[in-house]
>>> print(open('entry_2.cif').read())   # mmCIF, C-alpha atoms
data_model
#
loop_
_atom_site.group_PDB
_atom_site.id
_atom_site.type_symbol
_atom_site.label_atom_id
_atom_site.label_comp_id
_atom_site.auth_asym_id
_atom_site.auth_seq_id
_atom_site.Cartn_x
_atom_site.Cartn_y
_atom_site.Cartn_z
ATOM 1 C CA MET A 1 0.000 0.000 0.000
ATOM 2 C CA SER A 2 1.473 3.331 -1.057
ATOM 3 C CA GLN A 3 0.468 6.666 0.369
ATOM 4 C CA ILE A 4 1.332 10.225 -0.670
ATOM 5 C CA ILE A 5 1.698 12.596 2.264
ATOM 6 C CA LYS A 6 2.284 16.314 2.479
ATOM 7 C CA ILE A 7 5.033 17.431 4.857
ATOM 8 C CA ARG A 8 6.435 20.735 6.051
ATOM 9 C CA VAL A 9 10.108 20.643 7.038
ATOM 10 C CA SER A 10 11.875 22.755 9.637
ATOM 11 C CA ALA A 11 15.608 22.311 9.036
ATOM 12 C CA GLY A 12 18.181 23.230 11.664
ATOM 13 C CA ALA A 13 15.763 22.557 14.539
ATOM 14 C CA LYS A 14 17.018 21.857 18.065
ATOM 15 C CA THR A 15 15.032 18.630 18.377
ATOM 16 C CA GLU A 16 14.098 16.095 15.723
ATOM 17 C CA LYS A 17 10.470 15.103 15.571
ATOM 18 C CA VAL A 18 7.642 13.962 13.277
ATOM 19 C CA GLU A 19 4.200 15.376 14.123
ATOM 20 C CA GLU A 20 0.913 14.550 12.428
ATOM 21 C CA MET A 21 -1.236 17.645 12.001
ATOM 22 C CA ALA A 22 -5.041 17.794 12.226
ATOM 23 C CA ASP A 23 -5.396 18.018 8.427
ATOM 24 C CA GLY A 24 -3.461 14.767 7.872
ATOM 25 C CA SER A 25 -0.203 16.433 6.837
ATOM 26 C CA PHE A 26 3.012 16.080 8.806
ATOM 27 C CA LYS A 27 5.481 18.531 10.308
ATOM 28 C CA VAL A 28 9.043 17.190 10.341
ATOM 29 C CA ARG A 29 11.790 18.886 12.350
ATOM 30 C CA VAL A 30 15.397 17.929 11.607
ATOM 31 C CA ASN A 31 18.761 19.014 13.014
ATOM 32 C CA ALA A 32 20.464 18.876 9.617
ATOM 33 C CA PRO A 33 21.054 22.122 7.722
ATOM 34 C CA PRO A 34 19.229 22.721 4.430
ATOM 35 C CA GLU A 35 22.430 22.331 2.416
ATOM 36 C CA LYS A 36 23.408 19.783 -0.229
ATOM 37 C CA GLY A 37 20.389 17.572 0.485
ATOM 38 C CA LYS A 38 21.387 16.872 4.095
ATOM 39 C CA ALA A 39 17.993 17.894 5.492
ATOM 40 C CA ASN A 40 16.164 15.794 2.877
ATOM 41 C CA GLU A 41 18.257 12.743 3.774
ATOM 42 C CA ARG A 42 17.419 13.189 7.443
ATOM 43 C CA VAL A 43 13.712 13.687 6.620
ATOM 44 C CA VAL A 44 13.689 10.325 4.823
ATOM 45 C CA GLU A 45 15.412 8.650 7.792
ATOM 46 C CA LEU A 46 12.929 10.088 10.315
ATOM 47 C CA LEU A 47 9.897 9.194 8.197
ATOM 48 C CA ALA A 48 11.205 5.643 7.744
ATOM 49 C CA THR A 49 11.476 5.303 11.516
ATOM 50 C CA HIS A 50 8.054 6.877 12.066
ATOM 51 C CA PHE A 51 6.312 4.553 9.590
ATOM 52 C CA HIS A 52 8.383 1.487 10.623
ATOM 53 C CA THR A 53 9.716 0.883 7.124
ATOM 54 C CA SER A 54 13.052 1.117 5.309
ATOM 55 C CA LYS A 55 14.521 4.300 3.839
ATOM 56 C CA ALA A 56 14.265 2.732 0.381
ATOM 57 C CA ARG A 57 10.461 2.819 0.689
ATOM 58 C CA ILE A 58 10.344 6.618 1.251
ATOM 59 C CA SER A 59 10.648 8.954 -1.765
ATOM 60 C CA ILE A 60 10.411 12.724 -1.978
ATOM 61 C CA ILE A 61 8.427 13.260 -5.161
ATOM 62 C CA SER A 62 8.204 17.068 -5.171
ATOM 63 C CA GLY A 63 9.573 20.024 -3.262
ATOM 64 C CA HIS A 64 13.219 18.929 -3.047
ATOM 65 C CA THR A 65 14.381 22.515 -2.506
ATOM 66 C CA PHE A 66 11.323 23.804 -0.645
ATOM 67 C CA ARG A 67 10.015 23.463 2.913
ATOM 68 C CA GLU A 68 6.760 21.904 1.750
ATOM 69 C CA LYS A 69 7.174 18.515 0.106
ATOM 70 C CA MET A 70 5.103 15.645 -1.229
ATOM 71 C CA VAL A 71 6.429 12.272 -0.123
ATOM 72 C CA LEU A 72 5.563 8.775 -1.331
ATOM 73 C CA VAL A 73 5.528 6.208 1.483
ATOM 74 C CA ASP A 74 5.382 2.546 0.401
ATOM 75 C CA LEU A 75 4.048 0.565 3.348
ATOM 76 C CA CYS A 76 4.103 -2.866 1.663
ATOM 77 C CA TYR A 77 5.993 -5.405 3.711
#
>>> encode(input="entry_2.cif", output="structure tokens")
Amino acid sequence: MSQIIKIRVSAGAKTEKVEEMADGSFKVRVNAPPEKGKANERVVELLATHFHTSKARISIISGHTFREKMVLVDLCY
């Protein structure tokens, strides 16, 4: 089962956290700076942990250079 989710990223945050918002989107806070894809890599790692899946099953499909992103999460086991 695949799911597309909308996320808003806060890079350079003090604490790392994934929060589900009331509208079904997610807010992801990462320590990594928004440089050279480091924040995106950390976003994928945190989402993989949150959804109990591997990093290979998480793909950023739009918004690579923006705070708001669309992410494909493949939850097939």
>>> atom_distance(input="entry_2.cif", atom1="CA of Glu41 in chain A", atom2="CA of Glu20 in chain A")
19.5 Å
>>> closest_residue(input="entry_2.cif", among="A:Ala11, A:Val44, A:Cys76, A:Glu35", to="Ile61 in chain A", atoms="only C-alpha atoms")
A:Val44
>>> atom_distance(input="entry_2.cif", atom1="CA of Gly24 in chain A", atom2="CA of His50 in chain A")
14.6 Å
>>> resolve_selection(input="entry_2.cif", expression="the PyMOL selection byres ((chain A and resi 17) around 6)", output="PyMOL selection string")
chain A and resi 16+18+28-29
>>> residues_around(input="entry_2.cif", residues="Arg57 in chain A", least_positions_apart="6", cutoff="8 Å", atoms="all atoms listed in the file", output="PDB file with C-alpha atoms, in the frame of the given file")
ATOM      1  CA  ALA A  48      11.205   5.643   7.744  1.00  0.00           C
ATOM      2  CA  LEU A  72       5.563   8.775  -1.331  1.00  0.00           C
ATOM      3  CA  VAL A  73       5.528   6.208   1.483  1.00  0.00           C
ATOM      4  CA  ASP A  74       5.382   2.546   0.401  1.00  0.00           C
ATOM      5  CA  LEU A  75       4.048   0.565   3.348  1.00  0.00           C
TER       6      LEU A  75
END
>>> axis_aligned_box(input="entry_2.cif", around="range 12-20 of chain A", padding_each_side="4 Å", output="JSON")
{"center_x": 9.5, "center_y": 18.6, "center_z": 15.0, "size_x": 25.3, "size_y": 17.3, "size_z": 14.7}
>>> closest_residue(input="entry_2.cif", among="A:Asp23, A:Gly63, A:Gly12, A:Val30", to="Leu47 in chain A", atoms="only C-alpha atoms")
A:Val30
>>> closest_residue(input="entry_2.cif", among="A:Ser25, A:Pro33, A:His64, A:Met70", to="Ser10 in chain A", atoms="all atoms listed in the file")
A:Pro33
>>> atom_distance(input="entry_2.cif", atom1="CA of Gln3 in chain A", atom2="CA of Lys36 in chain A")
26.4 Å
>>> closest_residue(input="entry_2.cif", among="A:Met1, A:Ala56, A:Leu46, A:Ala39", to="Ala13 in chain A", atoms="all atoms listed in the file")
A:Ala39
>>> closest_residue(input="entry_2.cif", among="A:Ser2, A:Lys38, A:Val43, A:Lys55", to="Glu68 in chain A", atoms="only C-alpha atoms")
A:Val43
>>> decode(input="entry_2.cif", residues="range 3-72 of chain A", atoms="C-alpha atoms", output="PDB file, in the first residue's frame")
ATOM      1  CA  GLN A   3       0.468   6.666   0.369  1.00  0.00           C
ATOM      2  CA  ILE A   4       1.332  10.225  -0.670  1.00  0.00           C
ATOM      3  CA  ILE A   5       1.698  12.596   2.264  1.00  0.00           C
ATOM      4  CA  LYS A   6       2.284  16.314   2.479  1.00  0.00           C
ATOM      5  CA  ILE A   7       5.033  17.431   4.857  1.00  0.00           C
ATOM      6  CA  ARG A   8       6.435  20.735   6.051  1.00  0.00           C
ATOM      7  CA  VAL A   9      10.108  20.643   7.038  1.00  0.00           C
ATOM      8  CA  SER A  10      11.875  22.755   9.637  1.00  0.00           C
ATOM      9  CA  ALA A  11      15.608  22.311   9.036  1.00  0.00           C
ATOM     10  CA  GLY A  12      18.181  23.230  11.664  1.00  0.00           C
ATOM     11  CA  ALA A  13      15.763  22.557  14.539  1.00  0.00           C
ATOM     12  CA  LYS A  14      17.018  21.857  18.065  1.00  0.00           C
ATOM     13  CA  THR A  15      15.032  18.630  18.377  1.00  0.00           C
ATOM     14  CA  GLU A  16      14.098  16.095  15.723  1.00  0.00           C
ATOM     15  CA  LYS A  17      10.470  15.103  15.571  1.00  0.00           C
ATOM     16  CA  VAL A  18       7.642  13.962  13.277  1.00  0.00           C
ATOM     17  CA  GLU A  19       4.200  15.376  14.123  1.00  0.00           C
ATOM     18  CA  GLU A  20       0.913  14.550  12.428  1.00  0.00           C
ATOM     19  CA  MET A  21      -1.236  17.645  12.001  1.00  0.00           C
ATOM     20  CA  ALA A  22      -5.041  17.794  12.226  1.00  0.00           C
ATOM     21  CA  ASP A  23      -5.396  18.018   8.427  1.00  0.00           C
ATOM     22  CA  GLY A  24      -3.461  14.767   7.872  1.00  0.00           C
ATOM     23  CA  SER A  25      -0.203  16.433   6.837  1.00  0.00           C
ATOM     24  CA  PHE A  26       3.012  16.080   8.806  1.00  0.00           C
ATOM     25  CA  LYS A  27       5.481  18.531  10.308  1.00  0.00           C
ATOM     26  CA  VAL A  28       9.043  17.190  10.341  1.00  0.00           C
ATOM     27  CA  ARG A  29      11.790  18.886  12.350  1.00  0.00           C
ATOM     28  CA  VAL A  30      15.397  17.929  11.607  1.00  0.00           C
ATOM     29  CA  ASN A  31      18.761  19.014  13.014  1.00  0.00           C
ATOM     30  CA  ALA A  32      20.464  18.876   9.617  1.00  0.00           C
ATOM     31  CA  PRO A  33      21.054  22.122   7.722  1.00  0.00           C
ATOM     32  CA  PRO A  34      19.229  22.721   4.430  1.00  0.00           C
ATOM     33  CA  GLU A  35      22.430  22.331   2.416  1.00  0.00           C
ATOM     34  CA  LYS A  36      23.408  19.783  -0.229  1.00  0.00           C
ATOM     35  CA  GLY A  37      20.389  17.572   0.485  1.00  0.00           C
ATOM     36  CA  LYS A  38      21.387  16.872   4.095  1.00  0.00           C
ATOM     37  CA  ALA A  39      17.993  17.894   5.492  1.00  0.00           C
ATOM     38  CA  ASN A  40      16.164  15.794   2.877  1.00  0.00           C
ATOM     39  CA  GLU A  41      18.257  12.743   3.774  1.00  0.00           C
ATOM     40  CA  ARG A  42      17.419  13.189   7.443  1.00  0.00           C
ATOM     41  CA  VAL A  43      13.712  13.687   6.620  1.00  0.00           C
ATOM     42  CA  VAL A  44      13.689  10.325   4.823  1.00  0.00           C
ATOM     43  CA  GLU A  45      15.412   8.650   7.792  1.00  0.00           C
ATOM     44  CA  LEU A  46      12.929  10.088  10.315  1.00  0.00           C
ATOM     45  CA  LEU A  47       9.897   9.194   8.197  1.00  0.00           C
ATOM     46  CA  ALA A  48      11.205   5.643   7.744  1.00  0.00           C
ATOM     47  CA  THR A  49      11.476   5.303  11.516  1.00  0.00           C
ATOM     48  CA  HIS A  50       8.054   6.877  12.066  1.00  0.00           C
ATOM     49  CA  PHE A  51       6.312   4.553   9.590  1.00  0.00           C
ATOM     50  CA  HIS A  52       8.383   1.487  10.623  1.00  0.00           C
ATOM     51  CA  THR A  53       9.716   0.883   7.124  1.00  0.00           C
ATOM     52  CA  SER A  54      13.052   1.117   5.309  1.00  0.00           C
ATOM     53  CA  LYS A  55      14.521   4.300   3.839  1.00  0.00           C
ATOM     54  CA  ALA A  56      14.265   2.732   0.381  1.00  0.00           C
ATOM     55  CA  ARG A  57      10.461   2.819   0.689  1.00  0.00           C
ATOM     56  CA  ILE A  58      10.344   6.618   1.251  1.00  0.00           C
ATOM     57  CA  SER A  59      10.648   8.954  -1.765  1.00  0.00           C
ATOM     58  CA  ILE A  60      10.411  12.724  -1.978  1.00  0.00           C
ATOM     59  CA  ILE A  61       8.427  13.260  -5.161  1.00  0.00           C
ATOM     60  CA  SER A  62       8.204  17.068  -5.171  1.00  0.00           C
ATOM     61  CA  GLY A  63       9.573  20.024  -3.262  1.00  0.00           C
ATOM     62  CA  HIS A  64      13.219  18.929  -3.047  1.00  0.00           C
ATOM     63  CA  THR A  65      14.381  22.515  -2.506  1.00  0.00           C
ATOM     64  CA  PHE A  66      11.323  23.804  -0.645  1.00  0.00           C
ATOM     65  CA  ARG A  67      10.015  23.463   2.913  1.00  0.00           C
ATOM     66  CA  GLU A  68       6.760  21.904   1.750  1.00  0.00           C
ATOM     67  CA  LYS A  69       7.174  18.515   0.106  1.00  0.00           C
ATOM     68  CA  MET A  70       5.103  15.645  -1.229  1.00  0.00           C
ATOM     69  CA  VAL A  71       6.429  12.272  -0.123  1.00  0.00           C
ATOM     70  CA  LEU A  72       5.563   8.775  -1.331  1.00  0.00           C
TER      71      LEU A  72
END
